[in-house]
>>> print(open('coords.cif').read())   # mmCIF, C-alpha atoms and all ligand atoms
data_model
loop_
_atom_site.label_atom_id
_atom_site.label_comp_id
_atom_site.auth_asym_id
_atom_site.auth_seq_id
_atom_site.Cartn_x
_atom_site.Cartn_y
_atom_site.Cartn_z
CA MET F 42 -135.62 18.39 -209.72
CA LYS F 43 -138.74 19.08 -207.60
CA PRO F 44 -138.62 18.03 -203.89
CA LYS F 45 -141.21 15.21 -203.84
CA THR F 46 -139.75 13.56 -206.91
CA THR F 47 -136.23 13.91 -205.54
CA LYS F 48 -137.28 12.24 -202.29
CA ASN F 49 -139.05 9.47 -204.19
CA ILE F 50 -136.02 8.85 -206.37
CA PHE F 51 -133.80 8.51 -203.30
CA ASN F 52 -136.28 6.12 -201.66
CA ALA F 53 -136.67 4.10 -204.85
CA PHE F 54 -132.88 3.89 -205.19
CA ILE F 55 -132.49 2.61 -201.61
CA GLY F 56 -135.29 0.08 -202.15
CA GLU F 57 -133.78 -1.24 -205.39
CA ALA F 58 -130.29 -1.45 -203.88
CA LYS F 59 -131.62 -3.45 -200.92
CA ALA F 60 -133.65 -5.71 -203.23
CA TYR F 61 -130.51 -6.43 -205.25
CA PHE F 62 -128.68 -7.90 -202.26
CA LYS F 63 -131.75 -9.66 -200.89
CA LEU F 64 -132.44 -11.36 -204.23
CA LEU F 65 -128.84 -12.54 -204.48
CA ALA F 66 -129.33 -14.20 -201.08
CA TYR F 67 -132.62 -15.73 -202.30
CA ALA F 68 -130.81 -17.08 -205.36
CA GLU F 69 -128.11 -18.63 -203.19
CA LYS F 70 -130.77 -20.30 -201.04
CA ALA F 71 -132.67 -21.60 -204.07
CA ALA F 72 -129.42 -23.05 -205.45
CA LEU F 73 -128.77 -24.80 -202.11
CA GLU F 74 -132.26 -26.28 -202.31
CA GLY F 75 -131.47 -27.58 -205.80
CA GLU F 76 -133.93 -25.15 -207.43
CA GLU F 77 -131.67 -24.18 -210.30
CA GLN F 78 -134.25 -22.39 -212.43
CA ILE F 79 -135.57 -20.37 -209.46
CA ALA F 80 -132.01 -19.45 -208.48
CA LEU F 81 -131.48 -18.16 -212.01
CA LEU F 82 -134.77 -16.24 -211.84
CA PHE F 83 -133.70 -14.51 -208.60
CA ASN F 84 -130.30 -13.72 -210.10
CA ALA F 85 -131.91 -12.31 -213.25
CA ILE F 86 -134.32 -10.11 -211.29
CA ALA F 87 -131.49 -9.00 -208.98
CA GLU F 88 -129.62 -7.86 -212.08
CA ALA F 89 -132.75 -5.96 -213.20
CA GLU F 90 -133.04 -4.24 -209.81
CA ARG F 91 -129.39 -3.25 -210.15
CA VAL F 92 -130.30 -1.65 -213.50
CA HIS F 93 -133.16 0.24 -211.79
CA ALA F 94 -130.95 1.40 -208.93
CA THR F 95 -128.30 2.66 -211.36
CA ARG F 96 -130.89 4.48 -213.48
CA GLN F 97 -132.41 6.17 -210.44
CA LEU F 98 -129.00 7.09 -209.09
CA ASN F 99 -128.20 8.67 -212.45
CA LEU F 100 -131.30 10.90 -212.10
CA VAL F 101 -129.95 12.45 -208.89
CA LYS F 102 -126.30 12.48 -209.92
CA GLU F 103 -126.03 16.27 -209.82
CA ILE F 104 -127.11 16.14 -206.15
CA LEU F 105 -124.90 13.24 -205.13
CA VAL F 106 -121.85 13.44 -207.32
CA LYS F 107 -119.75 16.62 -207.15
CA ASP F 108 -116.20 17.27 -208.30
CA THR F 109 -113.57 14.77 -207.10
CA ALA F 110 -112.09 17.02 -204.40
CA THR F 111 -115.56 17.45 -202.85
CA ASN F 112 -116.37 13.75 -203.26
CA LEU F 113 -113.15 12.83 -201.44
CA GLU F 114 -113.95 15.28 -198.64
CA ASN F 115 -117.53 13.92 -198.33
CA SER F 116 -116.33 10.32 -198.35
CA PHE F 117 -113.76 11.09 -195.67
CA GLU F 118 -116.41 12.74 -193.44
CA GLN F 119 -118.83 9.87 -193.98
CA GLU F 120 -116.28 7.18 -193.06
CA LYS F 121 -115.09 9.15 -190.06
CA SER F 122 -118.61 9.68 -188.78
CA ILE F 123 -119.69 6.08 -189.31
CA SER F 124 -116.57 4.71 -187.58
CA GLU F 125 -116.76 7.18 -184.69
CA ASN F 126 -120.53 7.31 -184.15
CA ALA F 127 -122.72 4.70 -185.82
CA TYR F 128 -120.61 1.54 -185.46
CA PRO F 129 -119.50 2.13 -181.84
CA GLU F 130 -123.18 2.55 -180.93
CA PHE F 131 -124.20 -0.60 -182.85
CA LEU F 132 -121.32 -2.47 -181.21
CA LYS F 133 -122.34 -1.36 -177.73
CA GLU F 134 -125.93 -2.50 -178.25
CA ALA F 135 -124.84 -5.83 -179.75
CA GLU F 136 -122.63 -6.43 -176.69
CA GLU F 137 -125.48 -5.49 -174.34
CA GLU F 138 -127.64 -8.08 -176.07
CA LYS F 139 -124.77 -10.61 -176.09
CA GLU F 140 -124.97 -10.86 -179.89
CA MET F 141 -121.28 -11.64 -180.21
CA GLU F 142 -121.17 -12.43 -183.94
CA ALA F 143 -122.83 -9.08 -184.74
CA ALA F 144 -120.54 -7.37 -182.22
CA ARG F 145 -117.48 -8.81 -183.99
CA ILE F 146 -118.73 -7.66 -187.39
CA PHE F 147 -119.57 -4.15 -186.08
CA SER F 148 -116.23 -3.84 -184.35
CA GLN F 149 -114.30 -4.87 -187.48
CA ALA F 150 -116.44 -2.55 -189.62
CA ARG F 151 -115.72 0.33 -187.20
CA ASP F 152 -111.97 -0.30 -187.52
CA VAL F 153 -112.11 -0.76 -191.27
CA GLU F 154 -114.10 2.46 -191.83
CA GLY F 155 -111.39 4.25 -189.84
CA PHE F 156 -108.79 2.89 -192.28
CA HIS F 157 -110.96 3.92 -195.23
CA ALA F 158 -111.05 7.45 -193.77
CA LYS F 159 -107.24 7.44 -193.55
CA LEU F 160 -106.91 6.41 -197.21
CA TYR F 161 -109.21 9.29 -198.19
CA GLU F 162 -107.33 11.68 -195.96
CA ARG F 163 -104.05 10.76 -197.64
CA ALA F 164 -105.64 11.25 -201.04
CA ILE F 165 -107.00 14.66 -199.97
CA TYR F 166 -103.52 15.75 -198.91
CA LYS F 167 -102.19 14.14 -202.09
CA ILE F 168 -99.86 11.86 -200.13
CA ILE F 169 -100.25 9.47 -202.98
CA LYS F 170 -97.68 8.39 -205.54
CA LYS F 171 -97.77 9.76 -209.07
CA LYS F 172 -97.92 6.24 -210.47
CA VAL F 173 -101.39 4.63 -210.37
CA GLU F 174 -101.17 1.54 -208.17
CA ALA F 175 -103.53 -1.27 -207.18
CA TYR F 176 -105.55 -1.58 -203.95
CA TYR F 177 -106.25 -4.82 -202.10
CA VAL F 178 -109.63 -5.43 -200.45
CA CYS F 179 -110.22 -8.03 -197.74
CA GLN F 180 -113.25 -10.07 -198.79
CA VAL F 181 -114.04 -10.90 -195.17
CA CYS F 182 -114.04 -7.51 -193.44
CA GLY F 183 -113.57 -4.90 -196.19
CA TYR F 184 -110.14 -3.67 -195.03
CA VAL F 185 -108.43 -1.86 -197.90
CA ALA F 186 -104.65 -1.88 -198.29
CA ASP F 187 -102.57 0.12 -200.74
CA LYS F 188 -99.72 -2.35 -200.43
CA LYS F 189 -99.85 -6.11 -200.88
CA ILE F 190 -100.68 -7.87 -197.62
CA ARG F 191 -97.69 -9.95 -196.50
CA LYS F 192 -99.33 -12.23 -193.94
CA VAL F 193 -102.89 -11.73 -192.71
CA CYS F 194 -105.53 -8.98 -192.67
CA PRO F 195 -104.66 -6.58 -189.81
CA VAL F 196 -108.35 -6.21 -188.89
CA CYS F 197 -109.88 -9.69 -189.17
CA GLY F 198 -106.88 -11.99 -189.53
CA ALA F 199 -107.99 -13.41 -192.91
CA GLN F 200 -105.21 -15.05 -194.97
CA LYS F 201 -103.66 -12.96 -197.76
CA GLU F 202 -105.42 -15.16 -200.37
CA LYS F 203 -108.70 -13.59 -199.22
CA PHE F 204 -107.71 -10.22 -200.72
CA LYS F 205 -109.19 -9.06 -204.00
CA THR F 206 -106.95 -6.85 -206.15
CA ILE F 207 -108.45 -3.67 -207.57
CA ASN F 208 -106.19 -3.11 -210.54
CA PRO F 209 -105.58 0.22 -212.28
FE FE F 301 -115.89 2.41 -195.78
FE FE F 302 -110.09 -8.49 -193.14
#
>>> encode(input="coords.cif", output="C-alpha cells")
Amino acid sequence: MKPKTTKNIFNAFIGEAKAYFKLLAYAEKAALEGEEQIALLFNAIAEAERVHATRQLNLVKEILVKDTATNLENSFEQEKSISENAYPEFLKEAEEEKEMEAARIFSQARDVEGFHAKLYERAIYKIIKKKVEAYYVCQVCGYVADKKIRKVCPVCGAQKEKFKTINP
C-alpha cells in the first residue's frame, strides 16, 4: 500500500470509529427526548460507520495484525505504556484542574490497563491453563478478571453483577 493512501485509511478508520460512538450517544439523547425515529436513524448510521471502520481496518490488516505472539507482545507494550505514561499524565492534569470525575476515571483506567498488561504478560509466558476458560469484564471500569469475581471489582468497587462474561 502506498504511503498517502495508508495514512488516509488510518485517518478514515479513526474518524469512523469515533463517529460510531458519537452517533450511539446521539441516539441515546434522541431516545431520551422521545424522538424514536431519529434515535433509530442515529443507531442505523452508527452501524453503517462501524461497517466502514471495519472495511478500512481490513485494508490495513497486514500492517496492524501480525502473528499472535507478536500481537500479544504489542498489546502488552501498549497497555504498559498507556498505564505508565499517558494515564498518569492525564490524571495529573485532571487533578490540577480539579476535574475530580475525570481524575477518577483516568486513575481507574491507569490501574485497569496495568492489569490488562499483566494478563497479556501471563499469556506471553504461557502461564495459562490448557483448558479455554471465560473472562469477566467490569462494565464500569473495564477491569478484566480470569476468575469469577466473588464480591466487588477490585478497581472501581462495582458489584459482581456488573461483570460481563466473555465465554469461550
Ligand atoms: Fe486495556
Ligand atoms: Fe470495575
>>> residues_near_ligand(input="coords.cif", ligand="ligand FE 301 (chain F)", cutoff="6 Å", atoms="all atoms listed in the file", output="compact mmCIF listing (two decimals) with C-alpha atoms, in the frame of the given file")
# COMPACT_ATOMS: atom_id res chain seq x y z
CA GLU F 120 -116.28 7.18 -193.06
CA GLU F 154 -114.10 2.46 -191.83
CA HIS F 157 -110.96 3.92 -195.23
>>> atom_distance(input="coords.cif", atom1="CA of Ile123 (chain F)", atom2="CA of Arg151 (chain F)")
7.3 Å
>>> residues_near_ligand(input="coords.cif", ligand="ligand FE 302 (chain F)", cutoff="8 Å", atoms="all atoms listed in the file", output="list in words")
Gln149, Val178, Cys179, Gln180, Val181, Cys182, Gly183, Tyr184, Val193, Cys194, Pro195, Val196, Cys197, Gly198 and Ala199 of chain F
>>> write_last_selection(input="coords.cif", atoms="C-alpha atoms", output="PDB file, in the coordinates of the input")
ATOM      1  CA  GLN F 149    -114.300  -4.870-187.480  1.00  0.00           C
ATOM      2  CA  VAL F 178    -109.630  -5.430-200.450  1.00  0.00           C
ATOM      3  CA  CYS F 179    -110.220  -8.030-197.740  1.00  0.00           C
ATOM      4  CA  GLN F 180    -113.250 -10.070-198.790  1.00  0.00           C
ATOM      5  CA  VAL F 181    -114.040 -10.900-195.170  1.00  0.00           C
ATOM      6  CA  CYS F 182    -114.040  -7.510-193.440  1.00  0.00           C
ATOM      7  CA  GLY F 183    -113.570  -4.900-196.190  1.00  0.00           C
ATOM      8  CA  TYR F 184    -110.140  -3.670-195.030  1.00  0.00           C
ATOM      9  CA  VAL F 193    -102.890 -11.730-192.710  1.00  0.00           C
ATOM     10  CA  CYS F 194    -105.530  -8.980-192.670  1.00  0.00           C
ATOM     11  CA  PRO F 195    -104.660  -6.580-189.810  1.00  0.00           C
ATOM     12  CA  VAL F 196    -108.350  -6.210-188.890  1.00  0.00           C
ATOM     13  CA  CYS F 197    -109.880  -9.690-189.170  1.00  0.00           C
ATOM     14  CA  GLY F 198    -106.880 -11.990-189.530  1.00  0.00           C
ATOM     15  CA  ALA F 199    -107.990 -13.410-192.910  1.00  0.00           C
TER      16      ALA F 199
END
>>> atom_distance(input="coords.cif", atom1="CA of Phe147 (chain F)", atom2="CA of Leu65 (chain F)")
22.2 Å
>>> atom_distance(input="coords.cif", atom1="CA of Lys159 (chain F)", atom2="CA of Ser122 (chain F)")
12.5 Å
>>> closest_residue(input="coords.cif", among="F:Thr46, F:Asn52, F:Gln78, F:Ser124", to="Ala94 (chain F)", atoms="all atoms listed in the file")
F:Asn52
>>> residues_around(input="coords.cif", residues="region 85-90 of chain F", least_positions_apart="5", cutoff="8 Å", atoms="all atoms listed in the file", output="PyMOL selection string")
chain F and resi 57-58+60-62+64-65
>>> residues_around(input="coords.cif", residues="Arg163 (chain F)", least_positions_apart="6", cutoff="12 Å", atoms="only C-alpha atoms", output="mmCIF file with C-alpha atoms, in the frame of the given file")
data_model
loop_
_atom_site.group_PDB
_atom_site.id
_atom_site.type_symbol
_atom_site.label_atom_id
_atom_site.label_comp_id
_atom_site.auth_asym_id
_atom_site.auth_seq_id
_atom_site.Cartn_x
_atom_site.Cartn_y
_atom_site.Cartn_z
ATOM 1 C CA LEU F 113 -113.150 12.830 -201.440
ATOM 2 C CA GLU F 114 -113.950 15.280 -198.640
ATOM 3 C CA PHE F 117 -113.760 11.090 -195.670
ATOM 4 C CA PHE F 156 -108.790 2.890 -192.280
ATOM 5 C CA HIS F 157 -110.960 3.920 -195.230
ATOM 6 C CA ILE F 169 -100.250 9.470 -202.980
ATOM 7 C CA LYS F 170 -97.680 8.390 -205.540
ATOM 8 C CA ASP F 187 -102.570 0.120 -200.740
#
